[in-house]
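File shown: final35.csv (CSV, C-alpha atoms).
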```
chain,number,residue,atom,x,y,z
A,1,ALA,CA,-19.0,-11.0,4.6
A,2,SER,CA,-15.9,-12.2,2.8
A,3,THR,CA,-15.2,-14.2,-0.4
A,4,PRO,CA,-12.1,-16.0,-1.8
A,5,PRO,CA,-9.7,-14.5,-4.3
A,6,PRO,CA,-9.0,-13.6,-7.0
A,7,PHE,CA,-10.8,-10.2,-7.0
A,8,LEU,CA,-11.7,-7.9,-9.9
A,9,SER,CA,-11.7,-4.2,-9.2
A,10,GLU,CA,-13.3,-2.1,-11.9
A,11,GLY,CA,-14.1,1.6,-12.5
A,12,GLY,CA,-11.2,2.9,-10.4
A,13,ARG,CA,-10.9,6.7,-10.2
A,14,LEU,CA,-8.0,7.6,-8.0
A,15,ARG,CA,-5.9,10.7,-7.3
A,16,GLY,CA,-2.3,10.0,-6.5
A,17,PHE,CA,0.1,12.1,-4.4
A,18,LEU,CA,3.8,11.4,-4.2
A,19,LEU,CA,4.9,12.2,-0.6
A,20,GLU,CA,8.1,12.3,1.3
A,21,GLY,CA,8.6,10.0,4.3
A,22,ASP,CA,11.7,9.2,6.3
A,23,GLU,CA,14.0,6.6,4.8
A,24,GLN,CA,15.3,5.2,8.0
A,25,ARG,CA,11.8,4.8,9.6
A,26,ILE,CA,10.5,3.1,6.5
A,27,ALA,CA,13.4,0.7,6.5
A,28,GLN,CA,12.8,-0.1,10.2
A,29,LEU,CA,9.1,-0.7,9.5
A,30,VAL,CA,9.9,-3.1,6.6
A,31,ASN,CA,12.3,-5.0,8.8
A,32,ARG,CA,9.7,-5.4,11.6
A,33,MET,CA,6.7,-6.1,9.4
A,34,PHE,CA,8.3,-8.5,6.9
A,35,ASN,CA,11.9,-9.6,7.6
A,36,ALA,CA,11.4,-10.4,11.3
A,37,PRO,CA,8.3,-12.6,10.7
A,38,ALA,CA,10.0,-14.2,7.7
A,39,GLY,CA,12.8,-15.4,9.8
A,40,GLY,CA,15.3,-15.5,7.0
A,41,ALA,CA,13.0,-17.4,4.6
A,42,ALA,CA,12.6,-14.2,2.6
A,43,ASP,CA,14.5,-10.8,2.5
A,44,TYR,CA,13.0,-7.4,1.8
A,45,ARG,CA,14.7,-4.0,1.5
A,46,SER,CA,12.8,-0.7,1.4
A,47,LEU,CA,13.8,1.7,-1.4
A,48,GLY,CA,14.2,5.3,-0.4
A,49,SER,CA,11.8,7.7,1.2
A,50,ASN,CA,9.0,8.0,-1.3
A,51,VAL,CA,5.4,7.2,-0.2
A,52,LEU,CA,2.5,7.1,-2.6
A,53,LEU,CA,-0.9,8.2,-1.3
A,54,LEU,CA,-3.9,7.0,-3.4
A,55,LEU,CA,-7.2,8.5,-2.7
A,56,GLY,CA,-10.5,7.6,-4.4
A,57,GLY,CA,-12.1,4.2,-5.2
A,58,PHE,CA,-13.5,1.5,-7.4
A,59,GLU,CA,-17.1,1.3,-8.6
A,60,ARG,CA,-17.2,-2.5,-8.3
A,61,VAL,CA,-15.1,-5.0,-6.5
A,62,SER,CA,-16.2,-8.6,-7.1
A,63,CYS,CA,-15.0,-12.2,-6.6
A,64,LEU,CA,-14.0,-14.3,-9.6
A,65,THR,CA,-14.3,-17.7,-7.9
A,66,PRO,CA,-17.5,-19.7,-8.4
A,67,PRO,CA,-20.1,-19.6,-7.0
A,68,PHE,CA,-19.2,-16.4,-5.3
A,69,ASP,CA,-18.8,-14.7,-8.6
A,70,ARG,CA,-22.6,-14.6,-8.8
A,71,TRP,CA,-23.0,-12.8,-5.4
A,72,GLY,CA,-22.6,-9.3,-6.8
A,73,SER,CA,-20.1,-6.6,-5.9
A,74,VAL,CA,-19.3,-3.8,-3.5
A,75,ALA,CA,-18.1,-0.3,-4.1
A,76,GLU,CA,-14.9,0.6,-2.3
A,77,ILE,CA,-13.6,4.1,-1.4
A,78,MET,CA,-10.1,4.2,0.1
A,79,ALA,CA,-7.0,6.1,1.1
A,80,SER,CA,-3.9,4.0,0.9
A,81,PHE,CA,-0.2,4.7,1.6
A,82,TRP,CA,2.2,2.6,-0.5
A,83,ILE,CA,5.9,2.1,-0.3
A,84,PRO,CA,8.3,0.4,-2.8
A,85,VAL,CA,10.1,-2.6,-1.5
A,86,MET,CA,12.7,-4.9,-3.1
A,87,ALA,CA,12.4,-8.6,-2.5
A,88,GLY,CA,15.5,-10.7,-3.0
A,89,ARG,CA,18.5,-12.3,-1.3
A,90,ASP,CA,21.1,-10.8,1.1
A,91,LEU,CA,24.4,-11.9,-0.3
A,92,GLY,CA,26.5,-10.2,2.4
A,93,PRO,CA,28.3,-7.4,0.6
A,94,ALA,CA,25.2,-6.7,-1.5
A,95,PHE,CA,21.4,-7.3,-1.6
A,96,ARG,CA,20.4,-8.9,-4.9
A,97,ALA,CA,16.9,-7.5,-5.7
A,98,GLU,CA,14.8,-10.0,-7.7
A,99,ARG,CA,11.4,-8.4,-7.8
A,100,LEU,CA,9.6,-5.1,-6.9
A,101,VAL,CA,6.7,-5.3,-4.5
A,102,LEU,CA,4.5,-2.6,-3.0
A,103,ALA,CA,3.7,-2.7,0.6
A,104,VAL,CA,0.7,-0.8,2.1
A,105,PRO,CA,1.2,-0.4,5.9
A,106,TYR,CA,-1.8,2.0,6.1
A,107,ILE,CA,-5.0,1.7,4.2
A,108,PHE,CA,-8.4,3.1,5.1
A,109,VAL,CA,-11.7,1.9,3.5
A,110,ASP,CA,-15.4,2.9,3.9
A,111,ASN,CA,-17.2,-0.4,4.2
A,112,PRO,CA,-17.0,-3.5,6.4
A,113,MET,CA,-16.9,-6.0,3.6
A,114,SER,CA,-13.7,-4.5,2.1
A,115,TYR,CA,-12.3,-4.1,5.6
A,116,LEU,CA,-12.9,-7.6,6.8
A,117,GLY,CA,-12.2,-9.4,3.5
A,118,GLY,CA,-8.9,-7.5,2.9
A,119,ARG,CA,-7.6,-8.4,6.3
A,120,GLU,CA,-8.7,-12.0,6.4
A,121,THR,CA,-7.7,-13.0,2.8
A,122,TYR,CA,-4.4,-11.3,2.1
A,123,GLY,CA,-3.4,-9.4,5.3
A,124,TYR,CA,-4.2,-5.8,4.1
A,125,ALA,CA,-3.8,-3.6,7.2
A,126,LYS,CA,-7.3,-2.1,6.5
A,127,THR,CA,-9.1,0.1,9.0
A,128,MET,CA,-12.5,1.9,8.7
A,129,ALA,CA,-12.8,5.5,7.5
A,130,ARG,CA,-15.4,8.1,6.5
A,131,PHE,CA,-14.8,10.4,3.5
A,132,GLU,CA,-16.2,13.7,2.4
A,133,PRO,CA,-17.2,13.9,-0.4
A,134,ASP,CA,-18.4,10.2,-0.3
A,135,ASP,CA,-16.3,9.3,-3.4
A,136,ALA,CA,-13.1,10.9,-2.0
A,137,VAL,CA,-12.6,12.8,-5.3
A,138,GLY,CA,-12.5,16.5,-5.5
A,139,GLU,CA,-10.5,19.6,-4.9
A,140,ARG,CA,-10.8,19.2,-1.2
A,141,VAL,CA,-11.2,15.8,0.5
A,142,THR,CA,-11.4,15.0,4.2
A,143,MET,CA,-11.2,11.7,6.0
A,144,HIS,CA,-12.1,10.6,9.5
A,145,ALA,CA,-10.6,7.4,11.0
A,146,PHE,CA,-12.0,5.5,14.0
A,147,GLY,CA,-9.3,5.7,16.7
A,148,GLY,CA,-7.8,8.2,19.0
A,149,ASN,CA,-4.9,8.9,21.4
A,150,PHE,CA,-3.8,6.5,24.1
A,151,GLY,CA,-4.5,7.2,27.8
A,152,ARG,CA,-6.7,6.1,30.6
A,153,GLU,CA,-9.0,9.1,30.2
A,154,GLU,CA,-9.0,8.8,26.4
A,155,GLY,CA,-11.6,7.1,24.2
A,156,ALA,CA,-11.9,5.9,20.6
A,157,ALA,CA,-14.2,7.8,18.3
A,158,TRP,CA,-14.3,9.1,14.7
A,159,ARG,CA,-11.4,11.5,14.5
A,160,PRO,CA,-10.1,13.8,11.7
A,161,PHE,CA,-7.0,12.2,10.2
A,162,LEU,CA,-6.4,13.3,6.6
A,163,GLU,CA,-7.2,16.4,4.6
A,164,VAL,CA,-6.1,17.0,1.0
A,165,GLU,CA,-6.7,20.3,-0.7
A,166,SER,CA,-5.7,21.6,-4.2
A,167,ALA,CA,-3.5,24.7,-4.2
A,168,GLY,CA,-2.4,27.1,-7.0
A,169,SER,CA,-3.8,27.5,-10.4
A,170,GLN,CA,-3.8,25.3,-13.5
A,171,ASP,CA,-0.5,25.3,-15.4
A,172,GLY,CA,-1.5,23.1,-18.3
A,173,SER,CA,0.4,20.0,-17.2
A,174,SER,CA,-2.9,18.1,-16.8
A,175,GLN,CA,-2.6,16.8,-20.4
A,176,ARG,CA,0.8,15.1,-19.8
A,177,ALA,CA,0.5,11.3,-19.3
A,178,LEU,CA,2.6,9.3,-17.0
A,179,GLU,CA,3.1,6.4,-19.4
A,180,GLY,CA,0.8,3.9,-17.6
A,181,PRO,CA,2.0,1.9,-14.7
A,182,ALA,CA,5.7,2.1,-15.8
A,183,GLY,CA,5.5,5.9,-15.4
A,184,LEU,CA,4.3,5.5,-11.8
A,185,VAL,CA,7.0,3.0,-11.0
A,186,ARG,CA,9.6,5.5,-12.3
A,187,ARG,CA,8.2,8.2,-10.1
A,188,LEU,CA,8.3,5.9,-7.0
A,189,VAL,CA,11.8,4.4,-7.4
A,190,GLY,CA,13.4,7.3,-9.3
A,191,ASP,CA,15.6,7.3,-12.4
A,192,LEU,CA,17.9,4.3,-12.7
A,193,PRO,CA,21.4,4.2,-14.2
A,194,ALA,CA,22.4,2.0,-17.0
A,195,LEU,CA,23.1,-1.7,-16.7
A,196,ASN,CA,26.6,-2.9,-16.0
A,197,ALA,CA,28.5,-5.7,-17.8
A,198,ASP,CA,26.6,-8.4,-15.8
A,199,GLY,CA,23.2,-7.0,-16.8
A,200,GLU,CA,22.6,-5.5,-13.4
A,201,ILE,CA,22.2,-2.1,-11.8
A,202,VAL,CA,24.2,-1.4,-8.7
A,203,LEU,CA,23.0,1.2,-6.3
A,204,ALA,CA,25.3,1.3,-3.3
A,205,ASP,CA,24.9,-2.2,-1.8
A,206,LEU,CA,21.8,-2.9,-3.9
A,207,ARG,CA,21.9,-5.0,-7.1
A,208,LEU,CA,18.9,-4.9,-9.4
A,209,THR,CA,18.7,-7.8,-11.9
A,210,ALA,CA,17.9,-7.3,-15.6
A,211,ASP,CA,14.6,-9.2,-15.2
A,212,LEU,CA,13.6,-7.0,-12.3
A,213,ILE,CA,14.3,-3.9,-14.3
A,214,GLU,CA,12.3,-5.2,-17.2
A,215,ASN,CA,9.3,-6.0,-15.0
A,216,MET,CA,9.6,-2.6,-13.3
A,217,LEU,CA,9.5,-0.7,-16.6
A,218,ALA,CA,6.5,-2.8,-17.6
A,219,GLY,CA,4.7,-1.8,-14.4
A,220,GLU,CA,4.6,-5.4,-13.2
A,221,VAL,CA,4.7,-5.5,-9.4
A,222,HIS,CA,3.3,-7.6,-6.6
A,223,GLN,CA,1.6,-6.5,-3.4
A,224,LEU,CA,3.2,-7.4,0.0
A,225,PHE,CA,1.4,-8.1,3.2
A,226,LEU,CA,1.9,-9.4,6.8
A,227,LYS,CA,-1.1,-11.6,7.6
A,228,GLN,CA,-1.6,-12.2,11.3
A,229,PHE,CA,-4.2,-13.0,13.9
A,230,ARG,CA,-3.9,-12.4,17.6
A,231,ASP,CA,-3.5,-15.4,19.8
A,232,ALA,CA,-6.4,-16.0,22.2
A,233,GLU,CA,-4.3,-17.4,25.1
A,234,ASP,CA,-1.4,-14.9,24.9
A,235,GLY,CA,-2.7,-11.7,23.3
A,236,THR,CA,0.8,-10.2,22.8
A,237,ARG,CA,1.6,-12.9,20.3
A,238,ALA,CA,0.2,-14.0,16.9
A,239,ALA,CA,-1.6,-17.4,16.7
A,240,TYR,CA,-1.0,-17.3,12.9
A,241,GLN,CA,1.5,-15.1,11.0
A,242,SER,CA,2.8,-15.2,7.5
A,243,VAL,CA,4.4,-13.0,4.8
A,244,VAL,CA,2.2,-13.0,1.7
A,245,GLU,CA,2.7,-11.6,-1.8
A,246,ALA,CA,-0.1,-11.3,-4.4
A,247,PRO,CA,0.4,-10.4,-8.1
A,248,CYS,CA,-1.8,-7.8,-9.7
A,249,LYS,CA,-2.9,-8.0,-13.3
A,250,ILE,CA,-3.6,-4.5,-14.7
A,251,LEU,CA,-6.5,-4.7,-17.2
A,252,ARG,CA,-6.7,-0.9,-18.0
A,253,VAL,CA,-4.9,2.1,-16.7
A,254,SER,CA,-4.5,5.7,-17.7
A,255,ASN,CA,-2.6,8.4,-15.7
A,256,LYS,CA,-2.2,12.1,-16.2
A,257,LEU,CA,-0.6,14.8,-14.2
A,258,VAL,CA,-2.8,17.3,-12.4
A,259,GLY,CA,-1.7,20.8,-13.2
A,260,ARG,CA,-2.1,22.0,-9.6
A,261,ASP,CA,-0.2,21.4,-6.3
A,262,ALA,CA,-1.9,19.8,-3.4
A,263,ASP,CA,-1.5,20.2,0.4
A,264,VAL,CA,-1.8,17.0,2.4
A,265,THR,CA,-2.5,17.5,6.1
A,266,ILE,CA,-2.2,14.5,8.5
A,267,HIS,CA,-3.5,14.8,12.1
A,268,GLN,CA,-1.7,13.0,14.9
A,269,LEU,CA,-3.5,9.9,16.3
A,270,ASP,CA,-1.7,7.4,18.5
A,271,SER,CA,-3.9,4.7,16.9
A,272,HIS,CA,-2.6,5.5,13.4
A,273,PRO,CA,1.1,6.5,14.0
A,274,ILE,CA,2.1,7.1,10.4
A,275,ALA,CA,4.5,9.9,11.3
A,276,GLN,CA,6.3,7.8,13.8
A,277,GLU,CA,6.4,4.6,11.7
A,278,MET,CA,7.0,6.1,8.2
A,279,GLY,CA,7.9,9.8,8.7
A,280,VAL,CA,5.0,10.9,6.7
A,281,ARG,CA,3.8,14.3,8.0
A,282,SER,CA,1.8,17.2,6.6
A,283,GLN,CA,3.3,18.5,3.4
A,284,ARG,CA,2.8,19.7,-0.1
A,285,ALA,CA,2.8,16.7,-2.5
A,286,GLN,CA,5.8,16.4,-4.9
A,287,ILE,CA,3.5,15.2,-7.7
A,288,VAL,CA,-0.2,15.0,-8.2
A,289,PHE,CA,-1.9,12.8,-10.8
A,290,ASP,CA,-5.2,11.3,-11.7
A,291,ALA,CA,-5.6,7.6,-12.6
A,292,GLU,CA,-8.3,5.4,-14.0
A,293,LEU,CA,-7.8,1.7,-13.3
A,294,ASP,CA,-9.2,-1.8,-13.7
A,295,MET,CA,-7.2,-4.7,-12.2
A,296,ILE,CA,-7.3,-8.2,-10.8
A,297,VAL,CA,-5.6,-9.1,-7.5
A,298,GLU,CA,-4.6,-12.7,-8.0
A,299,HIS,CA,-4.3,-15.5,-5.5
A,300,GLY,CA,-1.8,-14.8,-2.8
A,301,VAL,CA,1.4,-16.7,-2.2
A,302,GLU,CA,2.6,-17.5,1.3
A,303,VAL,CA,6.3,-16.6,1.0
A,304,ALA,CA,7.3,-17.3,4.6
A,305,ARG,CA,5.7,-18.4,7.9
A,306,PRO,CA,7.5,-18.4,11.3
A,307,ALA,CA,8.6,-21.8,12.4
A,308,SER,CA,7.9,-21.1,16.1
A,309,ALA,CA,6.1,-23.7,18.2
A,310,LEU,CA,2.3,-23.6,18.2
A,311,PRO,CA,0.0,-22.1,19.3
A,312,SER,CA,1.9,-18.8,19.1
A,313,SER,CA,3.8,-18.0,15.9
A,314,GLY,CA,5.6,-15.0,17.2
A,315,PRO,CA,5.3,-11.5,18.7
A,316,ALA,CA,2.6,-9.5,17.0
A,317,ALA,CA,4.3,-7.1,14.7
```
Structure encoded using structure tokens:
Amino acid sequence: ASTPPPFLSEGGRLRGFLLEGDEQRIAQLVNRMFNAPAGGAADYRSLGSNVLLLLGGFERVSCLTPPFDRWGSVAEIMASFWIPVMAGRDLGPAFRAERLVLAVPYIFVDNPMSYLGGRETYGYAKTMARFEPDDAVGERVTMHAFGGNFGREEGAAWRPFLEVESAGSQDGSSQRALEGPAGLVRRLVGDLPALNADGEIVLADLRLTADLIENMLAGEVHQLFLKQFRDAEDGTRAAYQSVVEAPCKILRVSNKLVGRDADVTIHQLDSHPIAQEMGVRSQRAQIVFDAELDMIVEHGVEVARPASALPSSGPAA
């Protein structure tokens, strides 16, 4: 059901939607998911209110580690909500950002292998979903998630969660490229001012190093996860918990703007509280683009693990 990393994802066809969340809620989520479990061993700072929804999938996801590399592949359709996060060090008056990472607090997939493997290997917060059409690509896409609202008389079932529909007419912008992954990074983090005399960018209490900026403009980012498993004896705590980063190697990418607006509708479900945790609600997307992508998700790196006494590592985040 699951295989070890690294993983090769090929034939990606994705439509991206730049959405507006709530900056304060996103910051609180990042603190709870990553800083609290890290216990000071690592520091993360969310960057603004932008949230990137990617909808679509990969034709083939396969393992590159022998002998599992001969086991074949699985197609993966997904809807994922990404937020930009800076990893670095808190220096007191300023936060020195050393690398850009992308966290994905919500990700929905259509098959149990992707669901289980993603959660067990890296800590992707994956949950199951059904898409219409099946490839999640088109002028109108709907997604059902398995969940529901909380209450003694309530029950879990397949519920409508996400609807995306094109709006307006073509304006000719579909031919404009986004300059590969660097273009997407610029859209996520916004335009940056020039470097100061120390080779850094200072944004309020945030300092961005020259190496970080160079990597950002090259589209080089890591993915960020909280990997945890519920404790059997005390189910309110985690038996294992760690903050994990995994670099991604982009093999092929092309992006172009879609010359139409898109309306994104998100239905309220207590089991998937994206509005409460990220401030992402139904809205018209700021930017819509199409992407084709091949990539390798490399071996993960355990950045921090709580030092709490066993068997319980800490409160489940």
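Among A:Pro66, A:Thr3, A:Ile266, A:Ser271, the residue with the shortest atom-to-atom distance to Ala157 (chain A), counting all atoms listed in the file, is A:Ser271.
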> In Å, with one decimal, what is the gap from CA of Ala239 (chain A) to CA of Asn35 (chain A)?
Replying inline: 18.1 Å
>> I'd like the contact shell of Ile26 (chain A) - 8 Å cut-off, all atoms listed in the file, skipping same-chain residues fewer than 6 positions apart - returned as a PyMOL selection string.
In response: chain A and resi 46+49+277-279
>> Rounded to one decimal, what separation in Å do you get between CA of Lys256 (chain A) and CA of Leu52 (chain A)?
In response: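 These two atoms are separated by 15.2 Å.
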> In Å, how far is it from CA of Tyr106 (chain A) to CA of Ala238 (chain A)?
Replying inline: 19.4 Å
> What residues have an atom no more than 10 Å from (-11.1, 16.7, 12.0) in the file's own frame, counting all atoms listed in the file, and can you write them as a PyMOL selection string?
Replying inline: chain A and resi 142-145+158-163+266-267
> Can you list, as a list in words, every protein, DNA or RNA residue that comes within 9 Å of Val137 (chain A) when you count all atoms listed in the file, leaving out same-chain residues fewer than 2 positions away?
Replying inline: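 Listing them by chain and then by number gives Arg13, Leu14, Arg15, Leu55, Gly56, Gly57, Glu132, Pro133, Asp134, Asp135, Glu139, Arg140 and Val141 of chain A.
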>> My list of candidates is A:Asp290, A:Val221, A:Ala75, A:Arg305. Which is closest to Glu98 (chain A) when distances are computed with only C-alpha atoms?
In response: A:Val221
>> Applying 9 Å and only C-alpha atoms, which residues near Gln228 (chain A) remain after dropping the ones on its own chain fewer than 5 positions away? List them as a list in words.
In response: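 Listed by chain and then number, they are Arg119, Glu120, Gly123, Ala238, Ala239, Tyr240, Gln241, Ser242, Val243, Ala316 and Ala317 of chain A.
Comparing the minimum interatomic distances between Ala304 (chain A) and each of A:Ala79, A:Pro37, A:Glu292, A:Arg45, counting all atoms listed in the file, we find that A:Pro37 sits nearest.
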